[in-house]
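File shown: model03.json (JSON, C-alpha atoms).
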```
[["chain", "number", "residue", "atom", "x", "y", "z"],
["A", 1, "MET", "CA", 77.57, 90.36, 102.52],
["A", 2, "ALA", "CA", 80.02, 90.70, 105.44],
["A", 3, "GLU", "CA", 79.41, 93.55, 107.91],
["A", 4, "LEU", "CA", 82.08, 95.56, 109.73],
["A", 5, "SER", "CA", 80.35, 97.19, 112.71],
["A", 6, "GLY", "CA", 79.00, 94.05, 114.36],
["A", 7, "GLY", "CA", 75.52, 95.57, 114.37],
["A", 8, "SER", "CA", 76.59, 98.62, 116.40],
["A", 9, "GLU", "CA", 75.61, 101.06, 113.63],
["A", 10, "ALA", "CA", 72.02, 101.82, 112.61],
["A", 11, "VAL", "CA", 73.06, 101.06, 109.02],
["A", 12, "ALA", "CA", 75.24, 98.08, 108.10],
["A", 13, "VAL", "CA", 78.81, 98.82, 107.00],
["A", 14, "ALA", "CA", 79.54, 96.44, 104.11],
["A", 15, "LEU", "CA", 82.89, 94.73, 103.44],
["A", 16, "TRP", "CA", 84.40, 93.86, 100.05],
["A", 17, "PRO", "CA", 85.70, 91.53, 98.69],
["A", 18, "PRO", "CA", 84.14, 88.42, 100.22],
["A", 19, "GLY", "CA", 86.46, 86.42, 102.41],
["A", 20, "GLU", "CA", 88.76, 89.36, 103.19],
["A", 21, "ALA", "CA", 88.76, 91.64, 106.22],
["A", 22, "PRO", "CA", 91.03, 94.38, 107.59],
["A", 23, "PRO", "CA", 93.23, 93.70, 110.65],
["A", 24, "ALA", "CA", 91.21, 93.28, 113.83],
["A", 25, "PHE", "CA", 90.17, 96.33, 115.86],
["A", 26, "GLN", "CA", 87.34, 97.19, 118.26],
["A", 27, "TYR", "CA", 84.45, 98.89, 116.47],
["A", 28, "SER", "CA", 82.90, 101.88, 118.27],
["A", 29, "PRO", "CA", 80.42, 104.24, 116.55],
["A", 30, "GLU", "CA", 81.54, 107.10, 118.81],
["A", 31, "SER", "CA", 84.81, 108.29, 120.29],
["A", 32, "VAL", "CA", 85.89, 107.02, 123.71],
["A", 33, "ALA", "CA", 88.32, 108.21, 126.37],
["A", 34, "GLY", "CA", 91.92, 107.34, 125.61],
["A", 35, "ALA", "CA", 94.15, 105.24, 127.81],
["A", 36, "ASP", "CA", 95.73, 108.42, 129.22],
["A", 37, "GLY", "CA", 92.33, 109.38, 130.71],
["A", 38, "GLU", "CA", 92.96, 113.05, 129.97],
["A", 39, "LEU", "CA", 89.67, 113.68, 128.16],
["A", 40, "GLU", "CA", 86.21, 112.11, 128.47],
["A", 41, "PRO", "CA", 84.20, 112.63, 125.26],
["A", 42, "THR", "CA", 80.94, 111.31, 126.74],
["A", 43, "GLU", "CA", 80.86, 113.75, 129.68],
["A", 44, "VAL", "CA", 77.96, 116.23, 129.59],
["A", 45, "THR", "CA", 79.11, 119.74, 130.52],
["A", 46, "PHE", "CA", 76.95, 121.98, 128.30],
["A", 47, "PRO", "CA", 73.58, 123.22, 129.63],
["A", 48, "GLY", "CA", 70.52, 122.30, 127.61],
["A", 49, "CYS", "CA", 68.10, 124.64, 125.88],
["A", 50, "SER", "CA", 64.53, 125.04, 127.14],
["A", 51, "CYS", "CA", 62.97, 125.13, 123.67],
["A", 52, "ARG", "CA", 59.66, 123.27, 123.48],
["A", 53, "SER", "CA", 59.22, 123.63, 119.72],
["A", 54, "ARG", "CA", 59.52, 120.75, 117.29],
["A", 55, "SER", "CA", 62.78, 122.21, 115.98],
["A", 56, "CYS", "CA", 64.91, 124.94, 117.56],
["A", 57, "ALA", "CA", 65.27, 128.30, 115.85],
["A", 58, "ALA", "CA", 67.73, 131.18, 116.11],
["A", 59, "PRO", "CA", 68.06, 133.53, 117.89],
["A", 60, "GLU", "CA", 65.74, 132.17, 120.59],
["A", 61, "CYS", "CA", 67.68, 128.92, 121.10],
["A", 62, "PRO", "CA", 71.01, 129.41, 122.94],
["A", 63, "CYS", "CA", 72.45, 126.41, 121.07],
["A", 64, "LEU", "CA", 72.01, 128.45, 117.87],
["A", 65, "SER", "CA", 73.52, 131.68, 119.18],
["A", 66, "ARG", "CA", 76.05, 131.49, 116.35],
["A", 67, "GLY", "CA", 73.30, 130.97, 113.77],
["A", 68, "HIS", "CA", 71.93, 127.93, 111.99],
["A", 69, "SER", "CA", 74.49, 125.37, 110.80],
["A", 70, "TYR", "CA", 72.09, 122.90, 109.19],
["A", 71, "SER", "CA", 69.29, 122.92, 106.66],
["A", 72, "SER", "CA", 66.87, 120.05, 106.16],
["A", 73, "LEU", "CA", 69.42, 118.62, 103.70],
["A", 74, "GLY", "CA", 72.51, 118.80, 105.92],
["A", 75, "LEU", "CA", 75.33, 121.23, 106.66],
["A", 76, "LEU", "CA", 74.99, 124.72, 105.24],
["A", 77, "LEU", "CA", 78.08, 125.01, 103.07],
["A", 78, "ALA", "CA", 80.23, 128.15, 103.17],
["A", 79, "GLU", "CA", 78.84, 129.49, 99.90],
["A", 80, "GLN", "CA", 75.29, 129.13, 101.26],
["A", 81, "GLN", "CA", 76.21, 131.07, 104.40],
["A", 82, "GLN", "CA", 77.96, 133.85, 102.45],
["A", 83, "GLN", "CA", 81.07, 133.50, 104.56],
["A", 84, "GLN", "CA", 84.73, 132.80, 103.98],
["A", 85, "PRO", "CA", 85.44, 129.22, 102.86],
["A", 86, "PHE", "CA", 86.57, 127.63, 106.09],
["A", 87, "SER", "CA", 85.14, 124.98, 108.39],
["A", 88, "ARG", "CA", 83.72, 126.67, 111.45],
["A", 89, "PRO", "CA", 82.72, 124.71, 114.56],
["A", 90, "VAL", "CA", 79.15, 123.60, 115.01],
["A", 91, "PHE", "CA", 77.17, 123.30, 118.26],
["A", 92, "GLU", "CA", 74.24, 120.87, 118.28],
["A", 93, "CYS", "CA", 71.43, 120.56, 120.79],
["A", 94, "ASN", "CA", 72.40, 118.05, 123.46],
["A", 95, "SER", "CA", 71.08, 115.41, 125.85],
["A", 96, "LEU", "CA", 69.89, 118.05, 128.35],
["A", 97, "CYS", "CA", 67.93, 120.07, 125.77],
["A", 98, "CYS", "CA", 64.14, 120.09, 125.94],
["A", 99, "CYS", "CA", 63.66, 119.93, 122.17],
["A", 100, "GLY", "CA", 62.77, 116.61, 120.59],
["A", 101, "GLU", "CA", 64.90, 114.08, 118.75],
["A", 102, "GLY", "CA", 63.53, 115.47, 115.49],
["A", 103, "CYS", "CA", 65.14, 118.88, 116.04],
["A", 104, "GLN", "CA", 67.01, 120.02, 112.94],
["A", 105, "ASN", "CA", 69.96, 120.95, 115.15],
["A", 106, "ARG", "CA", 70.59, 117.26, 115.89],
["A", 107, "LEU", "CA", 72.45, 115.59, 113.06],
["A", 108, "VAL", "CA", 75.92, 114.20, 113.78],
["A", 109, "GLN", "CA", 74.74, 112.79, 117.12],
["A", 110, "ARG", "CA", 72.31, 110.53, 115.23],
["A", 111, "GLY", "CA", 75.26, 108.63, 113.79],
["A", 112, "LEU", "CA", 75.70, 106.84, 110.49],
["A", 113, "ARG", "CA", 72.65, 106.91, 108.22],
["A", 114, "LEU", "CA", 74.22, 106.23, 104.80],
["A", 115, "ARG", "CA", 75.14, 102.92, 103.19],
["A", 116, "LEU", "CA", 78.93, 102.69, 102.99],
["A", 117, "GLN", "CA", 81.33, 99.93, 102.05],
["A", 118, "VAL", "CA", 84.89, 99.31, 103.26],
["A", 119, "PHE", "CA", 86.77, 97.82, 100.31],
["A", 120, "ARG", "CA", 90.24, 96.73, 99.29],
["A", 121, "THR", "CA", 91.86, 99.31, 97.00],
["A", 122, "GLN", "CA", 94.59, 98.60, 94.46],
["A", 123, "ARG", "CA", 97.37, 100.67, 96.04],
["A", 124, "LYS", "CA", 96.05, 102.32, 99.21],
["A", 125, "GLY", "CA", 95.10, 99.38, 101.41],
["A", 126, "TRP", "CA", 91.51, 99.62, 102.57],
["A", 127, "GLY", "CA", 89.19, 102.48, 101.61],
["A", 128, "VAL", "CA", 85.55, 103.54, 101.89],
["A", 129, "ARG", "CA", 83.04, 104.09, 99.09],
["A", 130, "ALA", "CA", 79.44, 105.18, 98.89],
["A", 131, "LEU", "CA", 76.79, 102.58, 98.09],
["A", 132, "GLN", "CA", 74.22, 105.33, 97.42],
["A", 133, "PRO", "CA", 74.25, 108.86, 96.01],
["A", 134, "ILE", "CA", 75.23, 111.44, 98.65],
["A", 135, "PRO", "CA", 74.11, 115.08, 98.17],
["A", 136, "ALA", "CA", 76.51, 117.93, 98.95],
["A", 137, "GLY", "CA", 76.36, 118.96, 102.63],
["A", 138, "SER", "CA", 75.24, 115.53, 103.85],
["A", 139, "PHE", "CA", 76.76, 114.18, 107.06],
["A", 140, "VAL", "CA", 78.65, 111.04, 106.07],
["A", 141, "CYS", "CA", 80.35, 109.68, 109.18],
["A", 142, "GLU", "CA", 82.36, 110.57, 112.25],
["A", 143, "TYR", "CA", 86.10, 109.99, 112.60],
["A", 144, "ALA", "CA", 85.81, 108.14, 115.91],
["A", 145, "GLY", "CA", 88.50, 106.66, 118.12],
["A", 146, "GLU", "CA", 90.34, 107.23, 121.38],
["A", 147, "VAL", "CA", 90.48, 110.93, 122.33],
["A", 148, "LEU", "CA", 94.02, 111.66, 123.56],
["A", 149, "GLY", "CA", 96.00, 114.45, 125.11],
["A", 150, "PHE", "CA", 98.99, 115.83, 123.18],
["A", 151, "ALA", "CA", 101.63, 113.89, 125.17],
["A", 152, "GLU", "CA", 99.98, 110.51, 124.59],
["A", 153, "ALA", "CA", 99.31, 111.26, 120.91],
["A", 154, "GLN", "CA", 102.96, 112.21, 120.40],
["A", 155, "ARG", "CA", 104.16, 109.14, 122.33],
["A", 156, "ARG", "CA", 102.12, 106.83, 120.12],
["A", 157, "ILE", "CA", 103.29, 108.51, 116.92],
["A", 158, "GLN", "CA", 106.93, 108.28, 117.91],
["A", 159, "ALA", "CA", 106.53, 104.61, 118.88],
["A", 160, "GLN", "CA", 105.38, 103.71, 115.37],
["A", 161, "SER", "CA", 107.70, 102.22, 112.78],
["A", 162, "PRO", "CA", 107.75, 103.88, 109.33],
["A", 163, "GLN", "CA", 106.01, 100.78, 107.90],
["A", 164, "GLU", "CA", 103.01, 101.02, 110.22],
["A", 165, "PRO", "CA", 99.88, 102.86, 109.08],
["A", 166, "ASN", "CA", 99.14, 106.00, 111.08],
["A", 167, "TYR", "CA", 95.53, 106.67, 112.06],
["A", 168, "ILE", "CA", 96.08, 109.48, 114.60],
["A", 169, "ILE", "CA", 94.58, 112.79, 113.52],
["A", 170, "ALA", "CA", 95.33, 116.20, 115.00],
["A", 171, "VAL", "CA", 92.64, 118.87, 114.56],
["A", 172, "ARG", "CA", 93.53, 122.45, 115.47],
["A", 173, "GLU", "CA", 90.92, 125.17, 115.75],
["A", 174, "HIS", "CA", 92.23, 128.73, 115.55],
["A", 175, "LEU", "CA", 90.18, 131.03, 117.77],
["A", 176, "HIS", "CA", 89.57, 134.73, 117.19],
["A", 177, "ASP", "CA", 91.81, 135.67, 120.12],
["A", 178, "GLY", "CA", 94.79, 133.78, 118.75],
["A", 179, "ARG", "CA", 94.44, 130.67, 120.91],
["A", 180, "VAL", "CA", 94.52, 127.21, 119.32],
["A", 181, "MET", "CA", 92.33, 124.34, 120.51],
["A", 182, "GLU", "CA", 93.74, 120.89, 119.76],
["A", 183, "THR", "CA", 91.92, 117.57, 119.47],
["A", 184, "PHE", "CA", 93.75, 114.27, 118.94],
["A", 185, "VAL", "CA", 91.85, 111.12, 117.95],
["A", 186, "ASP", "CA", 93.41, 107.68, 117.48],
["A", 187, "PRO", "CA", 91.23, 104.93, 115.94],
["A", 188, "THR", "CA", 94.07, 102.41, 115.66],
["A", 189, "ARG", "CA", 92.69, 100.05, 118.33],
["A", 190, "ILE", "CA", 89.16, 101.44, 118.80],
["A", 191, "GLY", "CA", 87.40, 103.20, 115.95],
["A", 192, "ASN", "CA", 84.67, 103.23, 113.33],
["A", 193, "VAL", "CA", 84.31, 103.24, 109.54],
["A", 194, "GLY", "CA", 86.02, 106.66, 109.41],
["A", 195, "ARG", "CA", 89.41, 105.07, 110.12],
["A", 196, "PHE", "CA", 89.42, 103.58, 106.61],
["A", 197, "LEU", "CA", 88.96, 106.88, 104.75],
["A", 198, "ASN", "CA", 91.92, 107.60, 102.49],
["A", 199, "HIS", "CA", 93.58, 110.94, 101.85],
["A", 200, "SER", "CA", 93.13, 112.82, 98.60],
["A", 201, "CYS", "CA", 94.65, 116.10, 97.45],
["A", 202, "GLU", "CA", 91.25, 116.74, 95.78],
["A", 203, "PRO", "CA", 88.82, 115.20, 98.30],
["A", 204, "ASN", "CA", 85.03, 114.92, 98.27],
["A", 205, "LEU", "CA", 84.65, 115.16, 102.06],
["A", 206, "PHE", "CA", 85.73, 117.77, 104.61],
["A", 207, "MET", "CA", 85.96, 117.63, 108.38],
["A", 208, "VAL", "CA", 84.11, 119.88, 110.83],
["A", 209, "PRO", "CA", 84.44, 119.79, 114.65],
["A", 210, "VAL", "CA", 80.88, 119.34, 115.96],
["A", 211, "ARG", "CA", 80.17, 119.80, 119.66],
["A", 212, "VAL", "CA", 77.16, 118.19, 121.33],
["A", 213, "ASP", "CA", 77.54, 117.62, 125.08],
["A", 214, "SER", "CA", 80.93, 119.22, 125.80],
["A", 215, "MET", "CA", 83.90, 121.06, 124.32],
["A", 216, "VAL", "CA", 85.34, 117.71, 123.18],
["A", 217, "PRO", "CA", 84.19, 117.71, 119.54],
["A", 218, "LYS", "CA", 82.98, 114.96, 117.28],
["A", 219, "LEU", "CA", 85.12, 115.02, 114.13],
["A", 220, "ALA", "CA", 82.36, 114.95, 111.53],
["A", 221, "LEU", "CA", 82.88, 114.42, 107.82],
["A", 222, "PHE", "CA", 80.49, 116.07, 105.36],
["A", 223, "ALA", "CA", 80.12, 115.79, 101.59],
["A", 224, "ALA", "CA", 81.83, 118.73, 99.85],
["A", 225, "ALA", "CA", 79.97, 118.02, 96.59],
["A", 226, "ASP", "CA", 77.42, 115.60, 95.21],
["A", 227, "ILE", "CA", 78.91, 112.09, 95.41],
["A", 228, "ALA", "CA", 77.85, 109.24, 93.13],
["A", 229, "ALA", "CA", 77.18, 105.69, 94.25],
["A", 230, "GLY", "CA", 80.38, 103.67, 93.93],
["A", 231, "GLU", "CA", 82.66, 106.70, 94.37],
["A", 232, "GLU", "CA", 85.49, 106.42, 96.91],
["A", 233, "LEU", "CA", 85.17, 108.78, 99.89],
["A", 234, "THR", "CA", 88.26, 110.80, 100.78],
["A", 235, "TYR", "CA", 89.33, 113.85, 102.75],
["A", 236, "ASP", "CA", 92.46, 115.98, 102.99],
["A", 237, "TYR", "CA", 94.51, 114.80, 105.98],
["A", 238, "SER", "CA", 96.28, 118.18, 106.17],
["A", 239, "GLY", "CA", 93.10, 120.13, 106.99],
["A", 240, "ARG", "CA", 93.70, 122.67, 104.24],
["A", 241, "PHE", "CA", 90.61, 121.80, 102.22],
["A", 242, "ARG", "CA", 87.76, 124.22, 103.02],
["A", 243, "ASN", "CA", 90.03, 126.14, 105.37],
["A", 244, "PHE", "CA", 92.06, 129.32, 105.26],
["A", 245, "PRO", "CA", 95.65, 129.01, 103.98],
["A", 246, "GLY", "CA", 97.96, 128.36, 106.89],
["A", 247, "ALA", "CA", 95.33, 126.55, 108.98],
["A", 248, "SER", "CA", 97.43, 123.40, 108.77],
["A", 249, "ARG", "CA", 100.61, 122.88, 110.76],
["A", 250, "GLU", "CA", 102.06, 120.94, 107.86],
["A", 251, "HIS", "CA", 105.33, 122.36, 106.59],
["A", 252, "LYS", "CA", 107.65, 121.70, 103.70],
["A", 253, "ALA", "CA", 109.56, 118.69, 104.91],
["A", 254, "LEU", "CA", 113.33, 118.59, 105.02],
["A", 255, "GLU", "CA", 115.03, 116.20, 102.64],
["A", 256, "GLU", "CA", 115.82, 113.74, 105.44],
["A", 257, "GLU", "CA", 112.18, 113.81, 106.57],
["A", 258, "ASN", "CA", 111.00, 112.81, 103.09],
["A", 259, "SER", "CA", 112.51, 109.37, 103.69],
["A", 260, "LEU", "CA", 110.02, 108.91, 106.54],
["A", 261, "ARG", "CA", 107.00, 110.28, 104.70],
["A", 262, "LYS", "CA", 104.51, 107.98, 103.01],
["A", 263, "PRO", "CA", 103.76, 108.38, 99.30],
["A", 264, "CYS", "CA", 100.36, 109.65, 98.19],
["A", 265, "TYR", "CA", 98.49, 107.53, 95.66],
["A", 266, "CYS", "CA", 95.36, 109.67, 95.34],
["A", 267, "GLY", "CA", 95.94, 110.15, 91.61],
["A", 268, "SER", "CA", 94.52, 113.67, 91.52],
["A", 269, "ARG", "CA", 95.83, 116.34, 89.15],
["A", 270, "THR", "CA", 97.21, 118.34, 92.09],
["A", 271, "CYS", "CA", 98.72, 115.38, 93.96],
["A", 272, "ALA", "CA", 101.53, 116.48, 96.31],
["A", 273, "SER", "CA", 103.29, 113.05, 95.97],
["A", 274, "PHE", "CA", 103.49, 112.61, 99.77],
["A", 275, "LEU", "CA", 100.85, 112.31, 102.47],
["A", 276, "PRO", "CA", 100.57, 115.41, 104.71],
["A", 277, "TRP", "CA", 103.26, 115.88, 107.35],
["A", 278, "ASP", "CA", 102.65, 117.31, 110.84],
["A", 279, "SER", "CA", 105.97, 118.30, 112.38],
["A", 280, "SER", "CA", 104.61, 118.58, 115.93],
["A", 281, "LEU", "CA", 103.64, 114.91, 116.10],
["A", 282, "PHE", "CA", 105.72, 113.12, 113.48],
["A", 283, "SER", "CA", 109.11, 114.53, 114.38],
["A", 284, "THR", "CA", 111.66, 111.95, 115.40],
["A", 285, "PRO", "CA", 112.57, 112.23, 119.10],
["A", 286, "ALA", "CA", 116.06, 113.63, 119.73],
["A", 287, "SER", "CA", 116.91, 110.60, 121.85],
["A", 288, "SER", "CA", 116.26, 108.13, 119.04],
["A", 289, "PRO", "CA", 119.30, 106.42, 117.52]]
```
As structure tokens:
Amino acid sequence: MAELSGGSEAVAVALWPPGEAPPAFQYSPESVAGADGELEPTEVTFPGCSCRSRSCAAPECPCLSRGHSYSSLGLLLAEQQQQQPFSRPVFECNSLCCCGEGCQNRLVQRGLRLRLQVFRTQRKGWGVRALQPIPAGSFVCEYAGEVLGFAEAQRRIQAQSPQEPNYIIAVREHLHDGRVMETFVDPTRIGNVGRFLNHSCEPNLFMVPVRVDSMVPKLALFAAADIAAGEELTYDYSGRFRNFPGASREHKALEEENSLRKPCYCGSRTCASFLPWDSSLFSTPASSP
């Protein structure tokens, strides 16, 4: 069976059907610095913990000052943590930490560990499905690509034609003091299996910013429920799923904007008919004809 990652993943990423392949791109298991050079995702800026135990524990480990995020099975879901249903950021132990590779607080950094397949869908282009059962809370894959600053992300969006697929994602984290942290990732030219995940208005994955070596997060996708082998993997592009209302910057599009929006083919009972719309990036420049 054909393989997508060129051997760069610990687990092969299958392709289906035989003889077909998506348009060429450079496969990278992790995010890389964008052409604008504004952010370097591989830079190590966090100090490491001095824990010598097999697996770090709170509150002794400074990496776990916000509490445990993982169990032996994966991410602790909101209902398990008895907190409001939103995706909070996660800090893993990093390359400077003294704990071992088997530390429970090292998960996303280990990369892909599940058998996935990129396949041709009937109406949505390429998609991703599970080749094995995936329990709720499991880390599935990262959404990896070029990490961009806002100006470069907006420039690329506005240079696209309406017919071109858009892969750029904007993740906004709302801090307790009212500030908003923004992360823009573009896997159009350089990316991983995550670039093929389709949107659904009722998804089975959700995205969590996970920080390892610096404040530039890995955009990690976790299973929101038990997923069966053969099931397509999807997430909500708007960021609303598993988040507070209003966490998305999507707005009700004007009638003229609807002509630029792409239809949603997720087929769910609550389908919104259009893919999510981010006015800050997708707006047409005033200078355009």
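Counting only C-alpha atoms, the residue from A:Ile134, A:Val193, A:Cys264, A:Met1 that sits nearest to A:Leu205 is A:Ile134.
With only C-alpha atoms as the atoms that count, the minimum distance from A:Ala35 to the choices A:Pro23, A:Pro135, A:Gly111, A:Gly145 is reached by A:Gly145.
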Would you list the contacts of A:Met215 as an NGL selection string, taking every protein, DNA or RNA residue within 9 Å and counting only C-alpha atoms, but skipping same-chain residues closer than 2 positions in sequence? :A and (41 or 45-46 or 211-213 or 217)
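In this model, the gap between atom CA of A:Ala272 and atom CA of A:Glu173 comes to 23.8 Å.
Note that atom CA of A:Cys97 and atom CA of A:Ala136 are 28.2 Å apart.
Between atom CA of A:Pro133 and atom CA of A:Ile227 the separation is 5.7 Å.
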